[in-house]
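See below for query-v6.csv, which holds CSV, C-alpha atoms.
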chain,number,residue,atom,x,y,z
A,1,PRO,CA,49.3,13.2,21.6
A,2,LYS,CA,49.4,14.9,18.2
A,3,ALA,CA,52.2,14.8,15.7
A,4,PRO,CA,54.6,17.8,16.2
A,5,VAL,CA,54.2,20.7,13.7
A,6,TYR,CA,57.1,22.8,14.9
A,7,ILE,CA,60.8,21.9,15.4
A,8,ARG,CA,60.7,23.0,19.0
A,9,ASP,CA,57.8,20.7,19.6
A,10,LEU,CA,59.7,17.9,17.9
A,11,MET,CA,62.7,18.4,20.1
A,12,ALA,CA,60.5,18.4,23.2
A,13,GLY,CA,58.9,15.2,22.1
A,14,LEU,CA,62.3,13.6,21.5
A,15,ASN,CA,63.5,14.6,24.9
A,16,ASP,CA,60.4,13.2,26.6
A,17,SER,CA,61.6,9.9,28.1
A,18,GLU,CA,58.5,9.5,30.3
A,19,ASN,CA,55.7,9.4,27.7
A,20,TYR,CA,56.1,6.6,25.2
A,21,ASP,CA,53.3,7.8,22.9
A,22,ARG,CA,54.7,11.3,22.6
A,23,HIS,CA,58.3,10.2,22.2
A,24,SER,CA,57.4,7.5,19.6
A,25,LEU,CA,55.3,9.9,17.6
A,26,ALA,CA,58.0,12.6,17.6
A,27,LEU,CA,60.6,10.1,16.3
A,28,LYS,CA,58.3,8.7,13.6
A,29,SER,CA,57.5,12.2,12.5
A,30,ALA,CA,61.0,13.6,12.7
A,31,ALA,CA,62.4,13.0,9.2
A,32,ALA,CA,59.3,14.2,7.3
A,33,LEU,CA,58.9,17.3,9.5
A,34,ILE,CA,62.5,18.3,9.1
A,35,ARG,CA,62.4,17.9,5.3
A,36,ARG,CA,59.2,19.8,5.1
A,37,LYS,CA,60.3,22.7,7.3
A,38,SER,CA,63.8,22.9,5.7
A,39,SER,CA,62.3,24.1,2.4
A,40,PHE,CA,61.1,27.4,3.8
A,41,GLY,CA,61.9,29.7,6.7
A,42,LYS,CA,64.7,29.4,9.2
A,43,GLU,CA,63.1,27.1,11.7
A,44,VAL,CA,65.3,24.1,10.9
A,45,SER,CA,68.6,26.1,10.3
A,46,ASP,CA,68.1,27.9,13.6
A,47,HIS,CA,67.8,24.7,15.6
A,48,ALA,CA,69.9,22.3,13.4
A,49,LEU,CA,72.8,21.9,15.8
A,50,GLU,CA,70.6,21.4,18.9
A,51,LEU,CA,68.3,19.0,17.0
A,52,ALA,CA,71.3,17.0,15.6
A,53,SER,CA,72.8,16.8,19.1
A,54,ILE,CA,69.6,15.4,20.6
A,55,LEU,CA,69.2,12.8,17.8
A,56,VAL,CA,72.8,11.6,17.9
A,57,GLY,CA,72.7,11.2,21.7
A,58,LEU,CA,69.2,9.7,21.7
A,59,GLY,CA,68.9,6.4,23.5
A,60,ASP,CA,66.4,3.7,22.7
A,61,THR,CA,64.6,4.2,26.0
A,62,PHE,CA,61.4,2.4,25.0
A,63,ASP,CA,63.1,-0.4,23.0
A,64,MET,CA,61.3,0.6,19.8
A,65,GLU,CA,61.4,-1.8,16.9
A,66,ASP,CA,62.5,0.8,14.2
A,67,PHE,CA,64.5,3.1,16.5
A,68,LEU,CA,67.8,2.8,14.6
A,69,GLU,CA,66.2,3.4,11.2
A,70,LEU,CA,64.0,6.3,12.3
A,71,ARG,CA,66.9,8.1,14.0
A,72,LEU,CA,69.1,7.6,11.0
A,73,GLN,CA,66.6,9.0,8.6
A,74,ALA,CA,66.0,12.0,10.9
A,75,LEU,CA,69.7,12.7,11.1
A,76,ILE,CA,70.1,12.5,7.3
A,77,ALA,CA,67.3,15.0,6.9
A,78,VAL,CA,69.1,17.4,9.3
A,79,LEU,CA,72.3,17.0,7.3
A,80,VAL,CA,70.9,17.6,3.8
A,81,SER,CA,68.9,20.6,5.1
A,82,ASN,CA,72.2,22.5,5.4
A,83,PRO,CA,75.2,20.4,4.4
A,84,GLU,CA,77.7,23.2,4.4
A,85,GLN,CA,77.2,23.7,8.1
A,86,MET,CA,76.2,20.3,9.3
A,87,ALA,CA,78.6,17.9,7.4
A,88,PRO,CA,81.7,19.3,9.2
A,89,TRP,CA,79.8,19.2,12.5
A,90,PHE,CA,78.9,15.5,12.1
A,91,ALA,CA,82.5,14.8,11.1
A,92,ARG,CA,83.7,16.3,14.4
A,93,GLN,CA,81.3,14.2,16.4
A,94,VAL,CA,82.9,11.0,15.0
A,95,PHE,CA,86.1,11.9,16.8
A,96,ASP,CA,85.4,14.5,19.4
A,97,GLY,CA,82.0,13.7,20.7
A,98,ASP,CA,81.4,11.7,23.9
A,99,TYR,CA,79.6,8.9,22.1
A,100,SER,CA,79.5,5.1,22.0
A,101,LEU,CA,80.7,3.0,19.1
A,102,SER,CA,77.2,2.5,17.9
A,103,GLN,CA,76.5,6.3,17.9
A,104,ARG,CA,79.8,7.0,16.1
A,105,THR,CA,78.9,4.4,13.5
A,106,THR,CA,75.5,6.0,13.1
A,107,VAL,CA,77.1,9.4,12.5
A,108,LEU,CA,79.4,7.9,9.8
A,109,SER,CA,76.3,6.3,8.2
A,110,VAL,CA,74.6,9.7,8.2
A,111,LEU,CA,77.6,11.3,6.4
A,112,GLY,CA,77.9,8.5,3.8
A,113,LEU,CA,74.2,8.3,3.0
A,114,GLY,CA,73.7,12.0,3.2
A,115,ALA,CA,76.5,12.5,0.7
A,116,ARG,CA,75.0,10.0,-1.7
A,117,GLU,CA,71.6,11.7,-1.4
A,118,LEU,CA,73.1,15.1,-2.3
A,119,ALA,CA,74.8,13.3,-5.3
A,120,GLY,CA,71.5,12.0,-6.6
A,121,TYR,CA,71.5,8.4,-5.3
A,122,LYS,CA,68.6,8.6,-2.9
A,123,ASP,CA,66.2,6.4,-4.9
A,124,GLU,CA,68.9,3.8,-5.4
A,125,ASP,CA,69.8,3.7,-1.7
A,126,GLU,CA,66.1,3.4,-0.7
A,127,ASP,CA,65.9,0.2,-2.8
A,128,LEU,CA,68.8,-1.2,-0.9
A,129,ASN,CA,67.5,-0.2,2.6
A,130,PRO,CA,64.6,-2.6,3.5
A,131,LYS,CA,63.6,-2.9,7.1
A,132,ILE,CA,65.8,-5.2,9.0
A,133,ALA,CA,64.2,-8.6,8.8
A,134,ALA,CA,64.1,-10.9,11.9
A,135,THR,CA,66.5,-13.8,11.5
A,136,SER,CA,67.2,-16.7,13.7
A,137,PHE,CA,70.5,-18.3,14.6
A,138,PRO,CA,70.9,-22.0,13.8
A,139,SER,CA,71.3,-22.9,17.5
A,140,LYS,CA,70.7,-20.6,20.5
A,141,GLN,CA,69.5,-17.0,19.9
A,142,LEU,CA,70.7,-14.1,21.8
A,143,PRO,CA,68.4,-12.1,24.1
A,144,GLU,CA,66.0,-10.1,21.9
A,145,ARG,CA,67.6,-6.7,22.5
A,146,LEU,CA,71.1,-7.9,21.8
A,147,HIS,CA,69.9,-10.0,18.8
A,148,ARG,CA,68.4,-6.9,17.2
A,149,MET,CA,71.6,-4.9,17.8
A,150,TYR,CA,73.7,-7.7,16.2
A,151,THR,CA,71.4,-8.0,13.2
A,152,ALA,CA,71.4,-4.2,12.7
A,153,GLU,CA,75.2,-4.1,12.7
A,154,ARG,CA,75.4,-6.9,10.1
A,155,ASN,CA,72.9,-5.0,7.9
A,156,ALA,CA,74.3,-1.5,8.5
A,157,PRO,CA,73.3,0.7,5.5
A,158,VAL,CA,76.9,1.7,4.7
A,159,ALA,CA,77.9,-2.0,4.5
A,160,ARG,CA,75.0,-2.8,2.2
A,161,ILE,CA,75.6,0.1,-0.1
A,162,ALA,CA,79.4,-0.5,-0.2
A,163,SER,CA,78.7,-4.2,-1.1
A,164,ASN,CA,76.5,-3.2,-3.9
A,165,LEU,CA,79.0,-0.6,-5.2
A,166,GLU,CA,81.8,-3.2,-4.9
A,167,ARG,CA,79.9,-5.5,-7.2
A,168,SER,CA,79.3,-2.8,-9.7
A,169,MET,CA,83.0,-2.0,-9.9
A,170,ILE,CA,84.1,-5.6,-10.2
A,171,GLN,CA,81.5,-6.7,-12.8
A,172,PRO,CA,83.1,-5.1,-15.9
A,173,MET,CA,86.6,-6.5,-14.9
A,174,ALA,CA,85.1,-9.9,-14.4
A,175,LEU,CA,83.4,-9.9,-17.7
A,176,ASP,CA,86.6,-8.7,-19.4
A,177,ALA,CA,88.6,-11.4,-17.8
A,178,ALA,CA,86.1,-14.1,-18.8
A,179,ASP,CA,86.1,-12.8,-22.4
A,180,LYS,CA,89.9,-12.9,-22.7
A,181,MET,CA,90.3,-16.1,-20.7
A,182,SER,CA,93.0,-14.4,-18.7
A,183,GLY,CA,93.5,-12.7,-15.4
A,184,PRO,CA,93.0,-14.2,-11.9
A,185,ASN,CA,90.9,-17.4,-12.0
A,186,ILE,CA,88.8,-16.1,-9.2
A,187,LEU,CA,87.2,-13.6,-11.5
A,188,LYS,CA,86.2,-16.2,-14.0
A,189,VAL,CA,83.8,-18.2,-11.8
A,190,ARG,CA,81.2,-15.4,-11.4
A,191,THR,CA,78.2,-15.0,-13.6
A,192,PHE,CA,77.1,-11.4,-14.2
A,193,SER,CA,74.6,-9.5,-16.3
A,194,SER,CA,75.6,-8.4,-19.9
A,195,ARG,CA,78.4,-6.0,-20.5
A,196,MET,CA,76.0,-3.4,-22.0
A,197,GLU,CA,73.8,-3.4,-18.9
A,198,VAL,CA,76.8,-2.9,-16.6
A,199,GLU,CA,78.2,-0.1,-18.7
A,200,LYS,CA,74.8,1.5,-19.0
A,201,LYS,CA,74.5,1.6,-15.2
A,202,ARG,CA,78.0,3.0,-14.7
A,203,LYS,CA,77.6,5.8,-17.3
A,204,LYS,CA,74.3,7.1,-16.0
A,205,ILE,CA,74.4,10.8,-15.6
A,206,ILE,CA,73.3,11.9,-12.2
A,207,PRO,CA,72.7,15.6,-11.1
A,208,ASN,CA,75.4,16.1,-8.4
A,209,ALA,CA,74.9,18.8,-5.7
A,210,LEU,CA,77.7,17.2,-3.7
A,211,ALA,CA,80.8,17.9,-5.8
A,212,LYS,CA,81.2,21.5,-5.0
A,213,ILE,CA,81.1,21.0,-1.2
A,214,VAL,CA,82.5,17.5,-0.8
A,215,ALA,CA,86.1,18.4,0.0
A,216,GLU,CA,85.6,21.0,2.7
A,217,GLY,CA,82.3,19.8,3.9
A,218,PHE,CA,82.7,16.0,4.1
A,219,PHE,CA,86.0,14.6,3.1
A,220,PHE,CA,88.7,16.7,4.7
A,221,PRO,CA,86.9,17.2,8.0
A,222,LEU,CA,86.8,13.4,8.3
A,223,THR,CA,90.5,12.8,7.3
A,224,GLY,CA,91.8,15.8,9.1
A,225,ARG,CA,90.3,14.7,12.4
A,226,TRP,CA,91.6,11.2,11.8
A,227,TRP,CA,95.2,12.4,11.6
A,228,GLN,CA,94.8,14.7,14.6
A,229,ASN,CA,93.4,11.8,16.6
A,230,LEU,CA,96.2,9.5,15.5
A,231,GLN,CA,98.8,12.0,16.5
A,232,ALA,CA,97.3,12.6,19.9
A,233,TYR,CA,96.4,9.1,20.9
A,234,GLY,CA,98.3,6.7,18.6
A,235,VAL,CA,96.7,3.4,17.5
A,236,GLU,CA,95.4,2.6,21.0
A,237,ASN,CA,92.2,4.5,20.7
A,238,VAL,CA,88.5,3.6,20.0
A,239,HIS,CA,88.8,4.6,16.3
A,240,PHE,CA,90.9,1.6,15.6
A,241,GLN,CA,88.2,-0.8,16.8
A,242,PRO,CA,87.6,-3.0,13.8
A,243,PHE,CA,83.9,-2.3,13.1
A,244,LEU,CA,84.3,1.4,13.5
A,245,LEU,CA,87.5,1.5,11.4
A,246,SER,CA,85.9,-0.5,8.6
A,247,THR,CA,82.8,1.7,8.6
A,248,TYR,CA,85.0,4.8,8.6
A,249,LEU,CA,86.9,3.6,5.5
A,250,LYS,CA,83.8,2.6,3.7
A,251,THR,CA,82.1,5.9,4.5
A,252,LEU,CA,85.1,7.8,2.9
A,253,SER,CA,84.8,5.5,-0.1
A,254,LEU,CA,81.1,6.2,-0.5
A,255,VAL,CA,81.7,10.0,-0.2
A,256,LEU,CA,84.5,9.8,-2.8
A,257,HIS,CA,82.4,7.7,-5.2
A,258,ALA,CA,79.4,10.0,-4.7
A,259,ALA,CA,81.5,13.1,-5.6
A,260,GLY,CA,82.3,11.5,-8.9
A,261,SER,CA,85.3,11.3,-11.1
A,262,GLY,CA,84.9,14.8,-12.4
A,263,THR,CA,85.0,16.7,-9.1
A,264,ILE,CA,87.7,19.4,-9.0
A,265,SER,CA,89.1,18.3,-5.7
A,266,LEU,CA,89.6,14.7,-6.7
A,267,PRO,CA,93.5,15.0,-6.9
A,268,GLN,CA,93.7,16.3,-3.3
A,269,MET,CA,91.2,13.8,-2.0
A,270,THR,CA,93.1,11.0,-3.8
A,271,ALA,CA,96.4,12.0,-2.2
A,272,GLU,CA,94.9,12.2,1.3
A,273,PHE,CA,92.9,9.0,1.1
A,274,TRP,CA,95.7,6.9,-0.4
A,275,GLU,CA,98.1,8.0,2.4
A,276,LEU,CA,95.4,7.1,5.0
A,277,ILE,CA,94.7,3.7,3.4
A,278,LEU,CA,98.4,2.7,3.4
A,279,SER,CA,98.7,3.8,7.0
A,280,VAL,CA,96.3,1.1,8.2
A,281,ARG,CA,97.7,-1.8,6.3
A,282,THR,CA,99.0,-3.5,9.5
A,283,ASN,CA,95.6,-3.2,11.1
A,284,ALA,CA,94.0,-4.7,8.0
A,285,LEU,CA,96.0,-7.9,8.2
A,286,ALA,CA,94.8,-8.4,11.8
A,287,ASP,CA,91.0,-8.3,11.1
A,288,VAL,CA,89.1,-9.5,8.0
A,289,SER,CA,86.5,-6.7,8.2
A,290,VAL,CA,89.2,-4.0,8.1
A,291,LEU,CA,91.0,-5.9,5.3
A,292,GLU,CA,87.8,-5.9,3.2
A,293,ALA,CA,87.3,-2.2,3.9
A,294,VAL,CA,90.9,-1.3,2.9
A,295,LEU,CA,90.6,-3.3,-0.3
A,296,PHE,CA,87.2,-1.7,-1.1
A,297,ALA,CA,88.6,1.8,-0.4
A,298,THR,CA,91.6,1.1,-2.7
A,299,LEU,CA,89.4,-0.2,-5.5
A,300,THR,CA,87.1,2.8,-5.2
A,301,LEU,CA,90.1,5.2,-5.3
A,302,LEU,CA,91.5,3.6,-8.5
A,303,ASP,CA,88.1,3.4,-10.1
A,304,MET,CA,87.3,7.1,-9.6
A,305,ASN,CA,90.6,8.3,-11.0
A,306,GLU,CA,90.0,7.9,-14.7
A,307,ASP,CA,93.1,10.0,-15.6
A,308,LYS,CA,95.5,7.1,-15.4
A,309,ARG,CA,98.5,9.1,-16.6
A,310,ARG,CA,98.1,11.6,-13.8
A,311,LEU,CA,97.6,8.8,-11.3
A,312,ALA,CA,100.8,7.1,-12.4
A,313,GLU,CA,103.0,10.2,-12.6
A,314,GLU,CA,101.8,11.7,-9.2
A,315,HIS,CA,101.4,8.5,-7.2
A,316,SER,CA,104.0,6.0,-8.5
A,317,LYS,CA,105.3,5.2,-5.0
A,318,GLN,CA,101.8,4.5,-3.7
A,319,LEU,CA,101.0,2.4,-6.8
A,320,ILE,CA,104.0,0.1,-6.3
A,321,GLU,CA,103.4,-0.1,-2.5
A,322,THR,CA,99.8,-1.0,-3.0
A,323,GLN,CA,100.5,-3.6,-5.7
A,324,GLU,CA,103.1,-5.3,-3.5
A,325,TRP,CA,100.9,-5.3,-0.5
A,326,VAL,CA,97.8,-6.6,-2.3
A,327,GLU,CA,99.9,-9.4,-3.9
A,328,LEU,CA,100.8,-10.4,-0.3
A,329,VAL,CA,97.2,-10.4,0.7
A,330,PHE,CA,96.1,-12.4,-2.3
A,331,ASP,CA,98.8,-15.1,-1.6
A,332,ARG,CA,98.0,-15.1,2.2
A,333,VAL,CA,94.2,-15.3,2.1
A,334,GLY,CA,93.0,-18.8,1.3
A,335,GLY,CA,89.8,-19.5,-0.7
A,336,GLY,CA,87.3,-22.2,0.0
A,337,ASP,CA,84.8,-20.2,2.0
A,338,GLU,CA,82.6,-17.2,1.2
A,339,GLU,CA,84.6,-14.8,3.2
A,340,GLY,CA,87.9,-15.9,1.8
A,341,GLU,CA,86.6,-15.8,-1.8
A,342,ARG,CA,85.2,-12.3,-1.3
A,343,ILE,CA,88.6,-11.0,0.0
A,344,ARG,CA,90.5,-12.7,-2.9
A,345,MET,CA,88.1,-11.3,-5.5
A,346,LEU,CA,88.6,-7.8,-4.1
A,347,ALA,CA,92.4,-8.3,-4.0
A,348,ALA,CA,92.4,-9.6,-7.6
A,349,SER,CA,90.3,-6.6,-8.7
A,350,VAL,CA,92.8,-4.2,-7.1
A,351,LEU,CA,95.7,-6.0,-8.7
A,352,MET,CA,94.1,-5.7,-12.1
A,353,LYS,CA,93.6,-2.0,-11.6
A,354,THR,CA,97.2,-1.3,-10.4
A,355,ARG,CA,98.8,-3.5,-13.1
A,356,GLU,CA,96.8,-1.6,-15.7
A,357,VAL,CA,98.2,1.7,-14.5
A,358,VAL,CA,101.8,0.5,-14.0
A,359,ASP,CA,101.9,-1.1,-17.5
A,360,LYS,CA,100.7,2.1,-19.1
A,361,TYR,CA,103.2,4.2,-17.1
A,362,GLN,CA,106.1,2.0,-18.3
A,363,ARG,CA,105.1,2.4,-21.9
A,364,LEU,CA,104.8,6.1,-21.4
A,365,LEU,CA,108.4,6.2,-20.0
A,366,ILE,CA,109.9,4.5,-23.0
A,367,GLY,CA,107.9,6.7,-25.4
A,368,ASP,CA,105.7,3.9,-26.7
A,369,LEU,CA,102.5,5.9,-26.6
A,370,VAL,CA,99.5,3.8,-26.9
A,371,ASP,CA,96.0,5.1,-27.7
A,372,TYR,CA,93.8,3.9,-24.8
Produce structure tokens that represent the structure in this file.
Amino acid sequence: PKAPVYIRDLMAGLNDSENYDRHSLALKSAAALIRRKSSFGKEVSDHALELASILVGLGDTFDMEDFLELRLQALIAVLVSNPEQMAPWFARQVFDGDYSLSQRTTVLSVLGLGARELAGYKDEDEDLNPKIAATSFPSKQLPERLHRMYTAERNAPVARIASNLERSMIQPMALDAADKMSGPNILKVRTFSSRMEVEKKRKKIIPNALAKIVAEGFFFPLTGRWWQNLQAYGVENVHFQPFLLSTYLKTLSLVLHAAGSGTISLPQMTAEFWELILSVRTNALADVSVLEAVLFATLTLLDMNEDKRRLAEEHSKQLIETQEWVELVFDRVGGGDEEGERIRMLAASVLMKTREVVDKYQRLLIGDLVDY
């Protein structure tokens, strides 16, 4: 079989569950063909919804080695071809579609990585997205198919990118704490690159095509469906499953970060996201993956809001609630292992951020204006 040259041929090949060669070639050609066709004509836009539906619901019929990565890249290509139409559609599928946990997680990854590509982070994300390497368990290994699924979950692109972003936000605070010999001790034991290099990376100007569509296209469709789902089904629904919930929170964090601190809709997104974060505090204490995601989301929220005065004046209640809860987390989670140290580092970083804002707000209240 030959590689498809038209979108309809591509869809036919993806739907062919009898011919491995044709199906495999279609999936391997999908991302490049969609990107090539999206730059001219209406072939992709006319079939975008049907193509996305096929890809989201596609099963690994032939147990292909790179199936998850190839499907993900094809879906991202569909999203960025027409984000105004496709981003809200993908957000609906997370909550309304008849999909498995794995498929819903893939859709969240599409939204997070697609948003970052539109914001100019494509090259950076490609460096963080190597092919999943085969790993062996120290004792008995799972059956090959289950092992690959487990490994893929542990190396999910949203989790990798969130981890890298987390380090970039914590580094300047850790360096500052080490310089001043103050702050939580946990932030003094890490060795990082020089302050100049960290600040250089953070201040890099990136062309951002996401900012003008992020609120209505990505962020509010995701949060709006969350509240609707919670009202209809309560906490006893699939979206409170720990891995899906943690991926959902990290996806929103990546979208917020990709939009940037200068986006016009940041105040509205901040109010919505903070309320959502505080609403899952109880769930966070019951599962370490959700706890990490909640802390990362809070840190991202505080880091993106550079106008600390507005943050303090408009969200004083949320600031105090967040600070009290994170203090509880910091006291409750013990160190000594990698997971515990990671949670305590995140908690300490959030505490430093909240205390910085609260201290500044108190000085503003008494009229002691300080030039920051």
Worksheet item: Between A:Arg116, A:Arg225, A:Lys28, A:Arg310, which has the minimum distance to A:Val94 (counting all atoms listed in the file)?
Response: A:Arg225
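For the pair atom CA of A:Ala162 and atom CA of A:Thr247, the interatomic distance is 9.7 Å.
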Discussion item. Report as an MDAnalysis selection string all protein, DNA and RNA residues lying within 12 Å of A:Leu346, evaluated on only C-alpha atoms, omitting residues in the same chain fewer than 2 positions from it.
Written reply: chainID A and resid 163 166:171 173:174 184 186:187 291:300 326:327 329:330 333 339:344 348:353
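Considering the residues A:Met345, A:Leu75, A:Leu49, A:Leu113 and counting all atoms listed in the file, A:Leu252 has its shortest atom-to-atom contact with A:Leu113.
Among the candidates A:Gln73, A:Glu84, A:Asn305, A:Gly59, the one nearest to A:Gln103 when counting all atoms listed in the file is A:Gly59.
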Counting only C-alpha atoms, what is within 9 Å of A:Val80, bar same-chain residues fewer than 2 positions away, as a compact mmCIF listing (two decimals) with C-alpha atoms, in the coordinates of the input?
# COMPACT_ATOMS: atom_id res chain seq x y z
CA ARG A 35 62.40 17.90 5.30
CA LEU A 75 69.70 12.70 11.10
CA ILE A 76 70.10 12.50 7.30
CA ALA A 77 67.30 15.00 6.90
CA VAL A 78 69.10 17.40 9.30
CA ASN A 82 72.20 22.50 5.40
CA PRO A 83 75.20 20.40 4.40
CA GLU A 84 77.70 23.20 4.40
CA MET A 86 76.20 20.30 9.30
CA ALA A 87 78.60 17.90 7.40
CA GLY A 114 73.70 12.00 3.20
CA ALA A 115 76.50 12.50 0.70
CA GLU A 117 71.60 11.70 -1.40
CA LEU A 118 73.10 15.10 -2.30
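Atom CA of A:Ala159 lies 20.9 Å from atom CA of A:Leu210.
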Discussion item. Using all atoms listed in the file, can you tell me which of A:Phe90, A:Leu10, A:Pro157, A:His23 comes closest to A:Leu68?
Written reply: A:Pro157
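Atom CA of A:Phe218 is positioned 23.4 Å from atom CA of A:Ser289.
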Worksheet item: At most 12 Å from (56.7, 8.5, 22.5), file frame, only C-alpha atoms: which residues, as a PyMOL selection string?
Response: chain A and resi 1-4+10-30+60-64+67
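Among the candidates A:Ala258, A:Leu249, A:Ile277, A:Val288, the one nearest to A:Glu321 when counting all atoms listed in the file is A:Ile277.
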Discussion item. Using only C-alpha atoms, can you tell me which of A:Thr263, A:Gln228, A:Ser81, A:Thr282 comes closest to A:Lys212?
Written reply: A:Thr263
Item to complete: Find the residues near A:Met304: any atom within 9 Å, counting all atoms listed in the file, skip ones fewer than 5 places away on the same chain, and give them as a VMD selection string.
Response: chain A and resid 256 to 257 260 to 262 266 299
Practice prompt. Show which residues sit within 8 Å of A:Asn208, as a list in words. Count all atoms listed in the file, and ignore same-chain residues fewer than 3 positions away.
Written response: Leu118, Ala119, Gly120, Ala211 and Ala259 of chain A
